[in-house]
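File shown: start.cif (mmCIF, C-alpha atoms (C1' of nucleotides)).
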data_data
loop_
_atom_site.label_atom_id
_atom_site.label_comp_id
_atom_site.auth_asym_id
_atom_site.auth_seq_id
_atom_site.Cartn_x
_atom_site.Cartn_y
_atom_site.Cartn_z
CA MET A 1 3.82 -7.18 8.69
CA VAL A 2 6.80 -7.44 6.44
CA LYS A 3 5.06 -7.94 3.19
CA ARG A 4 8.08 -7.71 0.95
CA THR A 5 10.39 -10.61 0.86
CA SER A 6 13.13 -9.55 -1.47
CA HIS A 7 13.67 -6.13 -2.90
CA GLN A 8 17.13 -5.03 -3.56
CA SER A 9 16.59 -1.63 -4.97
CA ALA A 10 19.84 0.15 -5.70
CA ASP A 11 18.89 2.60 -3.01
CA CYS A 12 17.75 0.83 0.10
CA LEU A 13 17.59 4.03 2.08
CA ILE A 14 14.47 4.97 0.21
CA ALA A 15 13.18 1.43 -0.05
CA ARG A 16 13.48 0.60 3.62
CA PRO A 17 11.59 3.67 4.78
CA LEU A 18 8.91 2.84 2.25
CA ASP A 19 8.68 -0.62 3.64
CA ALA A 20 7.85 0.94 6.99
CA ILE A 21 5.41 3.63 5.91
CA GLY A 22 4.82 3.14 2.22
CA ASP A 23 1.29 1.97 2.32
CA TRP A 24 -1.86 3.92 2.19
CA TRP A 25 -2.71 4.09 5.86
CA SER A 26 0.50 4.23 7.83
CA LEU A 27 1.43 7.81 7.07
CA LEU A 28 -2.11 8.96 7.74
CA ILE A 29 -1.94 7.29 11.13
CA VAL A 30 1.34 9.04 11.83
CA ARG A 31 -0.18 12.31 10.76
CA ASP A 32 -3.05 11.84 13.16
CA ALA A 33 -0.59 10.95 15.87
CA PHE A 34 1.13 14.29 15.26
CA ASP A 35 -2.27 15.86 15.70
CA GLY A 36 -2.47 14.37 19.16
CA MET A 37 -4.48 11.24 18.56
CA ARG A 38 -3.56 8.34 20.76
CA ARG A 39 -6.42 5.89 20.97
CA PHE A 40 -7.46 3.12 18.64
CA GLY A 41 -10.93 4.54 18.39
CA GLU A 42 -9.71 8.01 17.58
CA PHE A 43 -7.65 6.78 14.66
CA GLN A 44 -10.45 4.60 13.50
CA LYS A 45 -13.00 7.37 13.51
CA SER A 46 -10.68 9.91 11.96
CA LEU A 47 -9.55 7.70 9.12
CA GLY A 48 -12.61 5.58 8.55
CA VAL A 49 -10.38 2.56 8.13
CA ALA A 50 -11.53 -0.99 8.83
CA LYS A 51 -10.62 -2.08 12.32
CA ASN A 52 -8.64 -5.10 11.24
CA ILE A 53 -6.55 -2.98 8.91
CA LEU A 54 -5.98 -0.33 11.53
CA SER A 55 -4.99 -3.02 13.96
CA ALA A 56 -2.50 -4.46 11.51
CA ARG A 57 -1.05 -1.06 10.66
CA LEU A 58 -0.61 -0.08 14.27
CA ARG A 59 1.19 -3.34 14.89
CA GLY A 60 3.39 -2.66 11.89
CA LEU A 61 4.23 0.84 12.99
CA ILE A 62 5.11 -0.47 16.42
CA ALA A 63 7.24 -3.21 14.92
CA HIS A 64 9.12 -0.56 12.97
CA GLY A 65 9.66 1.54 16.07
CA ILE A 66 7.56 4.43 14.81
CA LEU A 67 4.85 4.13 17.42
CA GLU A 68 4.94 2.66 20.87
CA THR A 69 2.22 1.80 23.30
CA VAL A 70 2.07 3.47 26.65
CA PRO A 71 -0.24 2.63 29.53
CA GLY A 72 -3.45 4.60 29.52
CA PRO A 73 -3.47 7.88 31.48
CA ASP A 74 -4.75 7.54 35.07
CA GLY A 75 -4.16 3.78 35.08
CA SER A 76 -6.88 3.15 32.56
CA ALA A 77 -6.99 -0.32 31.16
CA HIS A 78 -6.51 0.64 27.55
CA HIS A 79 -3.10 1.62 26.35
CA GLU A 80 -2.39 4.44 23.96
CA TYR A 81 -0.26 4.77 20.86
CA VAL A 82 2.32 7.52 20.75
CA LEU A 83 5.10 8.47 18.38
CA THR A 84 8.64 7.48 19.21
CA GLU A 85 11.50 9.77 18.34
CA LYS A 86 11.89 7.86 15.10
CA GLY A 87 8.22 8.47 14.43
CA ARG A 88 8.59 12.16 15.15
CA GLY A 89 11.38 12.16 12.59
CA LEU A 90 8.69 11.74 9.98
CA PHE A 91 7.70 15.34 10.58
CA TYR A 92 9.80 16.47 7.64
CA VAL A 93 8.33 13.86 5.35
CA LEU A 94 4.85 15.00 6.26
CA VAL A 95 5.70 18.63 5.74
CA ALA A 96 7.19 17.86 2.35
CA LEU A 97 4.25 15.74 1.31
CA ARG A 98 1.82 18.34 2.51
CA GLN A 99 3.50 21.22 0.73
CA TRP A 100 3.51 19.17 -2.43
CA GLY A 101 -0.16 18.45 -1.87
CA GLU A 102 -0.96 22.10 -1.24
CA THR A 103 0.80 23.05 -4.45
CA TYR A 104 -0.55 20.45 -6.79
CA PHE A 105 -3.69 18.97 -5.30
CA SER A 106 -5.70 21.74 -3.75
CA ARG A 107 -8.69 22.59 -5.80
CA PRO A 108 -10.17 26.06 -5.96
CA GLY A 109 -13.24 26.63 -3.85
CA GLU A 110 -12.35 23.78 -1.59
CA PRO A 111 -12.02 24.46 2.12
CA TYR A 112 -8.44 23.64 2.61
CA THR A 113 -6.11 23.63 5.53
CA PHE A 114 -2.43 24.39 5.63
CA MET A 115 0.34 24.19 8.13
CA VAL A 116 0.95 27.09 10.43
CA ASP A 117 3.33 27.92 13.20
CA ARG A 118 1.45 26.92 16.32
CA GLU A 119 2.78 29.91 18.17
CA THR A 120 1.89 32.70 15.78
CA GLY A 121 -0.71 31.06 13.57
CA ARG A 122 1.18 32.19 10.48
CA PRO A 123 1.97 29.83 7.61
CA ILE A 124 5.32 28.14 7.69
CA ARG A 125 7.95 28.60 5.01
CA ARG A 126 8.41 26.25 2.12
CA LEU A 127 11.04 23.61 2.55
CA GLU A 128 14.37 24.30 0.96
CA VAL A 129 17.36 22.08 0.30
CA HIS A 130 20.70 23.64 1.01
CA ALA A 131 24.25 22.67 0.24
CA GLU A 132 26.73 22.47 3.05
CA ASP A 133 27.91 25.96 2.15
CA GLY A 134 24.36 27.29 2.23
CA ARG A 135 23.62 27.45 -1.49
CA LEU A 136 20.03 26.70 -2.38
CA LEU A 137 19.69 23.44 -4.28
CA PHE A 138 16.96 22.50 -6.71
CA PRO A 139 15.74 19.19 -8.07
CA GLY A 140 18.57 17.74 -10.06
CA ASP A 141 21.28 19.54 -8.14
CA THR A 142 21.95 16.51 -5.98
CA ARG A 143 23.10 13.01 -6.58
CA LEU A 144 23.90 9.99 -4.47
CA ALA A 145 27.41 9.32 -3.34
CA ASP A 146 28.67 6.27 -1.61
CA PHE A 147 30.21 6.01 1.78
CA ARG A 148 33.53 7.75 1.14
CA GLY A 149 32.51 9.21 -2.18
CA GLN A 150 32.70 12.93 -1.61
CA GLN A 151 35.14 13.29 -4.44
CA GLY A 152 32.83 12.40 -7.27
CA MET B 1 -5.46 3.29 -11.47
CA VAL B 2 -7.50 4.98 -8.84
CA LYS B 3 -7.67 2.17 -6.41
CA ARG B 4 -9.38 4.00 -3.58
CA THR B 5 -13.01 4.72 -4.02
CA SER B 6 -13.92 6.75 -0.99
CA HIS B 7 -11.60 8.09 1.63
CA GLN B 8 -12.52 11.26 3.33
CA SER B 9 -9.68 11.74 5.66
CA ALA B 10 -9.88 14.95 7.61
CA ASP B 11 -6.78 16.05 5.75
CA CYS B 12 -7.11 15.43 2.08
CA LEU B 13 -3.90 17.25 1.29
CA ILE B 14 -2.00 14.34 2.70
CA ALA B 15 -4.42 11.74 1.47
CA ARG B 16 -4.52 12.88 -2.12
CA PRO B 17 -0.75 12.89 -2.54
CA LEU B 18 -0.69 9.44 -1.04
CA ASP B 19 -3.24 8.32 -3.56
CA ALA B 20 -0.80 9.37 -6.27
CA ILE B 21 2.43 8.01 -4.87
CA GLY B 22 1.54 6.09 -1.74
CA ASP B 23 2.29 2.62 -2.93
CA TRP B 24 5.45 0.69 -2.83
CA TRP B 25 6.78 1.29 -6.30
CA SER B 26 5.73 4.73 -7.42
CA LEU B 27 8.17 6.72 -5.32
CA LEU B 28 10.99 4.40 -6.27
CA ILE B 29 10.20 4.99 -9.91
CA VAL B 30 10.22 8.73 -9.30
CA ARG B 31 13.51 8.39 -7.52
CA ASP B 32 15.02 6.58 -10.47
CA ALA B 33 13.61 9.23 -12.77
CA PHE B 34 15.49 11.83 -10.73
CA ASP B 35 18.55 9.73 -11.29
CA GLY B 36 18.10 10.12 -15.00
CA MET B 37 16.33 6.92 -15.92
CA ARG B 38 13.85 7.29 -18.73
CA ARG B 39 13.21 3.93 -20.33
CA PHE B 40 10.88 1.14 -19.34
CA GLY B 41 13.72 -1.33 -19.32
CA GLU B 42 15.92 0.87 -17.15
CA PHE B 43 13.27 1.12 -14.49
CA GLN B 44 12.54 -2.53 -14.72
CA LYS B 45 16.13 -3.56 -14.31
CA SER B 46 16.85 -1.09 -11.56
CA LEU B 47 13.84 -1.98 -9.46
CA GLY B 48 13.41 -5.63 -10.26
CA VAL B 49 9.69 -5.11 -10.46
CA ALA B 50 7.39 -7.29 -12.52
CA LYS B 51 6.72 -5.78 -15.91
CA ASN B 52 2.97 -5.71 -15.54
CA ILE B 53 3.28 -3.84 -12.27
CA LEU B 54 5.77 -1.39 -13.67
CA SER B 55 3.51 -0.83 -16.62
CA ALA B 56 0.57 -0.14 -14.34
CA ARG B 57 2.57 2.21 -12.12
CA LEU B 58 3.93 4.19 -15.02
CA ARG B 59 0.41 4.61 -16.33
CA GLY B 60 -0.71 5.74 -12.89
CA LEU B 61 2.08 8.25 -12.56
CA ILE B 62 1.26 9.63 -15.98
CA ALA B 63 -2.42 9.82 -15.09
CA HIS B 64 -1.47 11.83 -12.02
CA GLY B 65 0.69 14.19 -14.04
CA ILE B 66 3.89 13.14 -12.35
CA LEU B 67 5.51 11.60 -15.39
CA GLU B 68 4.93 12.23 -19.04
CA THR B 69 6.02 10.38 -22.12
CA VAL B 70 8.21 12.06 -24.65
CA PRO B 71 9.23 10.73 -28.06
CA GLY B 72 12.46 8.79 -28.06
CA PRO B 73 15.67 10.72 -28.75
CA ASP B 74 16.80 10.68 -32.42
CA GLY B 75 13.32 9.67 -33.59
CA SER B 76 13.56 6.23 -32.04
CA ALA B 77 10.33 4.33 -31.96
CA HIS B 78 10.20 3.90 -28.21
CA HIS B 79 9.10 6.81 -26.09
CA GLU B 80 10.63 7.76 -22.76
CA TYR B 81 9.26 8.67 -19.38
CA VAL B 82 10.30 11.96 -17.82
CA LEU B 83 9.26 13.89 -14.76
CA THR B 84 6.88 16.77 -15.13
CA GLU B 85 7.25 19.85 -12.97
CA LYS B 86 4.78 18.32 -10.56
CA GLY B 87 6.93 15.23 -10.48
CA ARG B 88 10.05 17.27 -9.82
CA GLY B 89 8.15 18.79 -6.90
CA LEU B 90 8.58 15.44 -5.19
CA PHE B 91 12.23 16.26 -4.71
CA TYR B 92 11.57 17.52 -1.20
CA VAL B 93 9.59 14.43 -0.29
CA LEU B 94 12.44 12.24 -1.45
CA VAL B 95 15.02 14.27 0.43
CA ALA B 96 12.93 14.08 3.59
CA LEU B 97 12.36 10.38 3.23
CA ARG B 98 15.99 9.76 2.51
CA GLN B 99 17.27 11.74 5.46
CA TRP B 100 14.86 9.87 7.67
CA GLY B 101 16.14 6.66 6.15
CA GLU B 102 19.76 7.65 6.64
CA THR B 103 19.08 8.45 10.26
CA TYR B 104 17.05 5.45 11.28
CA PHE B 105 17.61 2.70 8.75
CA SER B 106 21.25 2.64 7.85
CA ARG B 107 23.01 -0.27 9.40
CA PRO B 108 26.62 -0.19 10.43
CA GLY B 109 29.02 -1.86 8.05
CA GLU B 110 26.65 -1.50 5.18
CA PRO B 111 27.81 0.30 2.07
CA TYR B 112 25.48 3.20 2.08
CA THR B 113 24.92 6.14 -0.13
CA PHE B 114 23.81 9.61 0.79
CA MET B 115 22.79 12.74 -1.01
CA VAL B 116 25.45 15.20 -2.01
CA ASP B 117 25.55 18.49 -3.81
CA ARG B 118 26.26 17.54 -7.39
CA GLU B 119 28.53 20.50 -7.81
CA THR B 120 30.84 20.06 -4.85
CA GLY B 121 30.25 16.44 -3.91
CA ARG B 122 29.68 17.47 -0.30
CA PRO B 123 26.70 16.23 1.70
CA ILE B 124 23.66 18.43 1.75
CA ARG B 125 22.24 19.96 4.91
CA ARG B 126 19.43 18.44 6.86
CA LEU B 127 15.99 19.74 6.12
CA GLU B 128 14.63 22.33 8.50
CA VAL B 129 11.19 23.74 8.97
CA HIS B 130 11.04 27.46 9.51
CA ALA B 131 8.33 29.83 10.61
CA GLU B 132 7.53 32.81 8.47
CA ASP B 133 9.75 34.92 10.72
CA GLY B 134 12.60 32.47 10.36
CA ARG B 135 12.36 30.66 13.69
CA LEU B 136 13.28 27.00 13.52
CA LEU B 137 10.27 24.75 14.11
CA PHE B 138 10.30 21.22 15.47
CA PRO B 139 7.80 18.39 15.38
CA GLY B 140 4.78 19.55 17.30
CA ASP B 141 5.40 23.24 16.66
CA THR B 142 2.95 23.32 13.81
CA ARG B 143 -0.72 22.68 13.42
CA LEU B 144 -3.22 22.86 10.61
CA ALA B 145 -5.25 25.96 10.07
CA ASP B 146 -8.10 26.41 7.70
CA PHE B 147 -8.35 28.78 4.85
CA ARG B 148 -8.65 32.07 6.72
CA GLY B 149 -7.52 30.69 10.03
CA GLN B 150 -4.33 32.60 10.77
CA GLN B 151 -5.73 33.87 14.00
CA GLY B 152 -5.95 30.73 15.89
"C1'" DC C 1 15.96 -12.62 -43.55
"C1'" DG C 2 16.60 -14.80 -38.80
"C1'" DT C 3 17.44 -13.54 -34.15
"C1'" DT C 4 17.48 -10.76 -30.25
"C1'" DT C 5 15.98 -6.92 -27.63
"C1'" DC C 6 12.48 -3.82 -26.15
"C1'" DG C 7 8.15 -2.72 -24.37
"C1'" DG C 8 4.71 -4.19 -23.08
"C1'" DT C 9 -0.17 -7.44 -22.22
"C1'" DT C 10 -2.35 -11.69 -20.62
"C1'" DT C 11 -2.99 -15.30 -17.40
"C1'" DC C 12 -3.45 -17.26 -13.18
"C1'" DA C 13 -2.16 -18.41 -8.35
"C1'" DA C 14 -1.10 -16.28 -4.05
"C1'" DC C 15 -1.64 -12.62 -1.11
"C1'" DT C 16 -3.86 -8.34 0.80
"C1'" DT C 17 -7.67 -5.60 1.76
"C1'" DG C 18 -11.99 -4.37 3.74
"C1'" DA C 19 -16.83 -4.89 5.50
"C1'" DA C 20 -19.20 -7.14 8.73
"C1'" DA C 21 -19.84 -10.20 12.42
"C1'" DC C 22 -18.15 -11.62 16.54
"C1'" DC C 23 -15.98 -11.46 21.19
"C1'" DA C 24 -13.80 -10.19 25.62
"C1'" DT C 25 -13.02 -6.50 28.80
"C1'" DT C 26 -13.94 -2.29 30.94
"C1'" DG C 27 -16.73 1.46 32.42
"C1'" DC C 28 -21.03 3.02 33.80
"C1'" DC C 29 -25.60 3.03 36.02
"C1'" DG C 30 -29.06 1.89 38.95
"C1'" DC D 1 -24.24 -6.77 42.55
"C1'" DG D 2 -26.61 -7.11 37.52
"C1'" DG D 3 -27.23 -5.42 33.18
"C1'" DC D 4 -25.82 -2.65 29.25
"C1'" DA D 5 -23.18 0.05 26.26
"C1'" DA D 6 -18.58 1.39 24.64
"C1'" DT D 7 -13.86 0.19 23.63
"C1'" DG D 8 -10.48 -2.44 21.42
"C1'" DG D 9 -9.75 -5.58 19.14
"C1'" DT D 10 -9.95 -10.72 16.17
"C1'" DT D 11 -12.19 -13.76 12.83
"C1'" DT D 12 -14.30 -14.67 8.55
"C1'" DC D 13 -14.90 -14.43 3.89
"C1'" DA D 14 -15.56 -12.10 -0.62
"C1'" DA D 15 -13.36 -9.02 -3.68
"C1'" DG D 16 -9.45 -6.72 -5.30
"C1'" DT D 17 -4.28 -6.42 -5.95
"C1'" DT D 18 0.14 -8.25 -6.80
"C1'" DG D 19 3.68 -10.77 -9.07
"C1'" DA D 20 5.99 -14.54 -11.83
"C1'" DA D 21 5.88 -16.34 -16.02
"C1'" DA D 22 4.28 -16.93 -20.56
"C1'" DC D 23 3.16 -14.67 -24.49
"C1'" DC D 24 3.28 -11.21 -28.30
"C1'" DG D 25 4.30 -7.66 -31.84
"C1'" DA D 26 7.42 -4.22 -33.44
"C1'" DA D 27 12.13 -2.61 -33.93
"C1'" DA D 28 17.05 -3.11 -34.05
"C1'" DC D 29 20.82 -5.99 -35.31
"C1'" DG D 30 23.79 -8.92 -37.84
#
Any chance you could put this one into structure tokens?
Amino acid sequence: MVKRTSHQSADCLIARPLDAIGDWWSLLIVRDAFDGMRRFGEFQKSLGVAKNILSARLRGLIAHGILETVPGPDGSAHHEYVLTEKGRGLFYVLVALRQWGETYFSRPGEPYTFMVDRETGRPIRRLEVHAEDGRLLFPGDTRLADFRGQQG
Amino acid sequence: MVKRTSHQSADCLIARPLDAIGDWWSLLIVRDAFDGMRRFGEFQKSLGVAKNILSARLRGLIAHGILETVPGPDGSAHHEYVLTEKGRGLFYVLVALRQWGETYFSRPGEPYTFMVDRETGRPIRRLEVHAEDGRLLFPGDTRLADFRGQQG
DNA sequence: CGTTTCGGTTTCAACTTGAAACCATTGCCG
DNA sequence: CGGCAATGGTTTCAAGTTGAAACCGAAACG
């Protein structure tokens, strides 16, 4: 599953996540898992992906600790795939990606869906990035600092 | 550049973004662009990617309206690659991915970097998802609704 | 001018992807 | 119990993608 052998990007904390979910299907599988899908067949039908590819991706996601298999419900023979806590951590990535998609990829006249609060059915707010002191930050207002590099 | 020919995922507003940036290199290029890189050679050196691949990815990102070329500074012959507004919209995706990476992929003893407010040098806050009324939402507290589907 | 750097393109082998066929269980039905 | 379909994969093989290296032309450099 590890397809990359040597990539030392300056910033491994983007590169390593991408290694786990940076292919076409993995994030879509995670998205479906958030939507409650658990079975091989459900993913396969929803995504229309070839079974061998789905199989490989599920194995990869499990290897990365994003999904885990649990025994089927009522002692059924087939196991199910569910998100781990690490996998659920991808919620924010999906929200960000989706809001970007809503903004720049939705085409007029197209039946499109958007994220709503499950409780009220109302749209959720846009993501914001805040400084420690609460100030709103925009693209370009951040940089990377190293381990003890608060000072600049 | 469009490598996928037919994918009708139920949720195209995740799938279409992934078509634009869902490969290994594109997001890393965008990340470097946020860091101020503009030249072919800068990206190439930073990422260690093969030149043909970088060339293809840059063309793809331009085709998707994420990067654009601008004439070199002082009338230099070589143009530069800069983020468009759409490209800058990926800020939130990168922050989300990075925070996920910081949480689940950083290894102890490893010199790691994290995002700070450029102005104060202090770490930024974690992303949060909020309902319209301000309530904090967690993974599983949202669902997708269609166009006029506020009601439920 | 001659050389080096920059910004690519071309070439070709290795790897990945995907459609389809295949297979082993399991569940169902009479 | 005996057959049959559905589920959850694996195998196979052609086609497409990737990546290292060689190549190339234009610009900068000395």
| said: With 7 Å as the limit and counting all atoms listed in the file, what residues in chain B lie close to chain A? Please list them as a ChimeraX atom specification. | reply: /B:9-10,13-14,16-18,22-24,34,46-47,86,88-93,96-98,100-102,104-106,111-118,121-125,127,129-132,139-147,150-152
Spatial neighbours of D:DT18, max dist 9 Å, all atoms listed in the file, sep filter under 2 positions, as an mmCIF file with C-alpha atoms (C1' of nucleotides), in the frame of the given file:
data_model
loop_
_atom_site.group_PDB
_atom_site.id
_atom_site.type_symbol
_atom_site.label_atom_id
_atom_site.label_comp_id
_atom_site.auth_asym_id
_atom_site.auth_seq_id
_atom_site.Cartn_x
_atom_site.Cartn_y
_atom_site.Cartn_z
ATOM 1 C CA ILE B 53 3.280 -3.840 -12.270
ATOM 2 C "C1'" DA C 14 -1.100 -16.280 -4.050
ATOM 3 C "C1'" DC C 15 -1.640 -12.620 -1.110
ATOM 4 C "C1'" DT C 16 -3.860 -8.340 0.800
#
| message | Please find the residues of chain A near chain C - the criterion being any atom within 10 Å, counting all atoms listed in the file - and write them as an MDAnalysis selection string. | response | chainID A and resid 3 49:53 76:78
| Which residue gives the smallest distance to chain B among D:DC1, D:DC13, D:DA20, D:DC29, with only C-alpha atoms (C1' of nucleotides) counted? |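 Smallest distance to chain B is found for D:DA20.
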| said: Running the PyMOL selection byres ((chain D) within 12 of (chain B)) on this model by hand, what would come out? Give it as a ChimeraX atom specification. | reply: /D:16-21,26-28
| task | Could you tell me how far atom CA of A:Pro73 lies from atom C1' of D:DT11, in Å and to one decimal? | result | 29.9 Å
| said: Report, in Å with one decimal, the straight-line distance from atom C1' of D:DC24 to atom CA of B:Phe43. | reply: 21.0 Å
| said: Need to verify the contact set: A:Arg38, 7 Å, only C-alpha atoms (C1' of nucleotides), exclusion of same-chain residues closer than 4 positions in sequence. Can you return it as a list in words? | reply: Ala33, Glu42, Glu80, Tyr81 and Val82 of chain A
| message | Just checking: using all atoms listed in the file, which residue out of A:Thr84, A:Thr69, A:Arg39, A:Val30 ends up closest to D:DT7? | response |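 Looking only at the distances to D:DT7, the closest residue turns out to be A:Arg39.
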| message | What's the separation between atom CA of A:Leu67 and atom CA of A:Ile29, in Å to one decimal place? | response | 9.8 Å
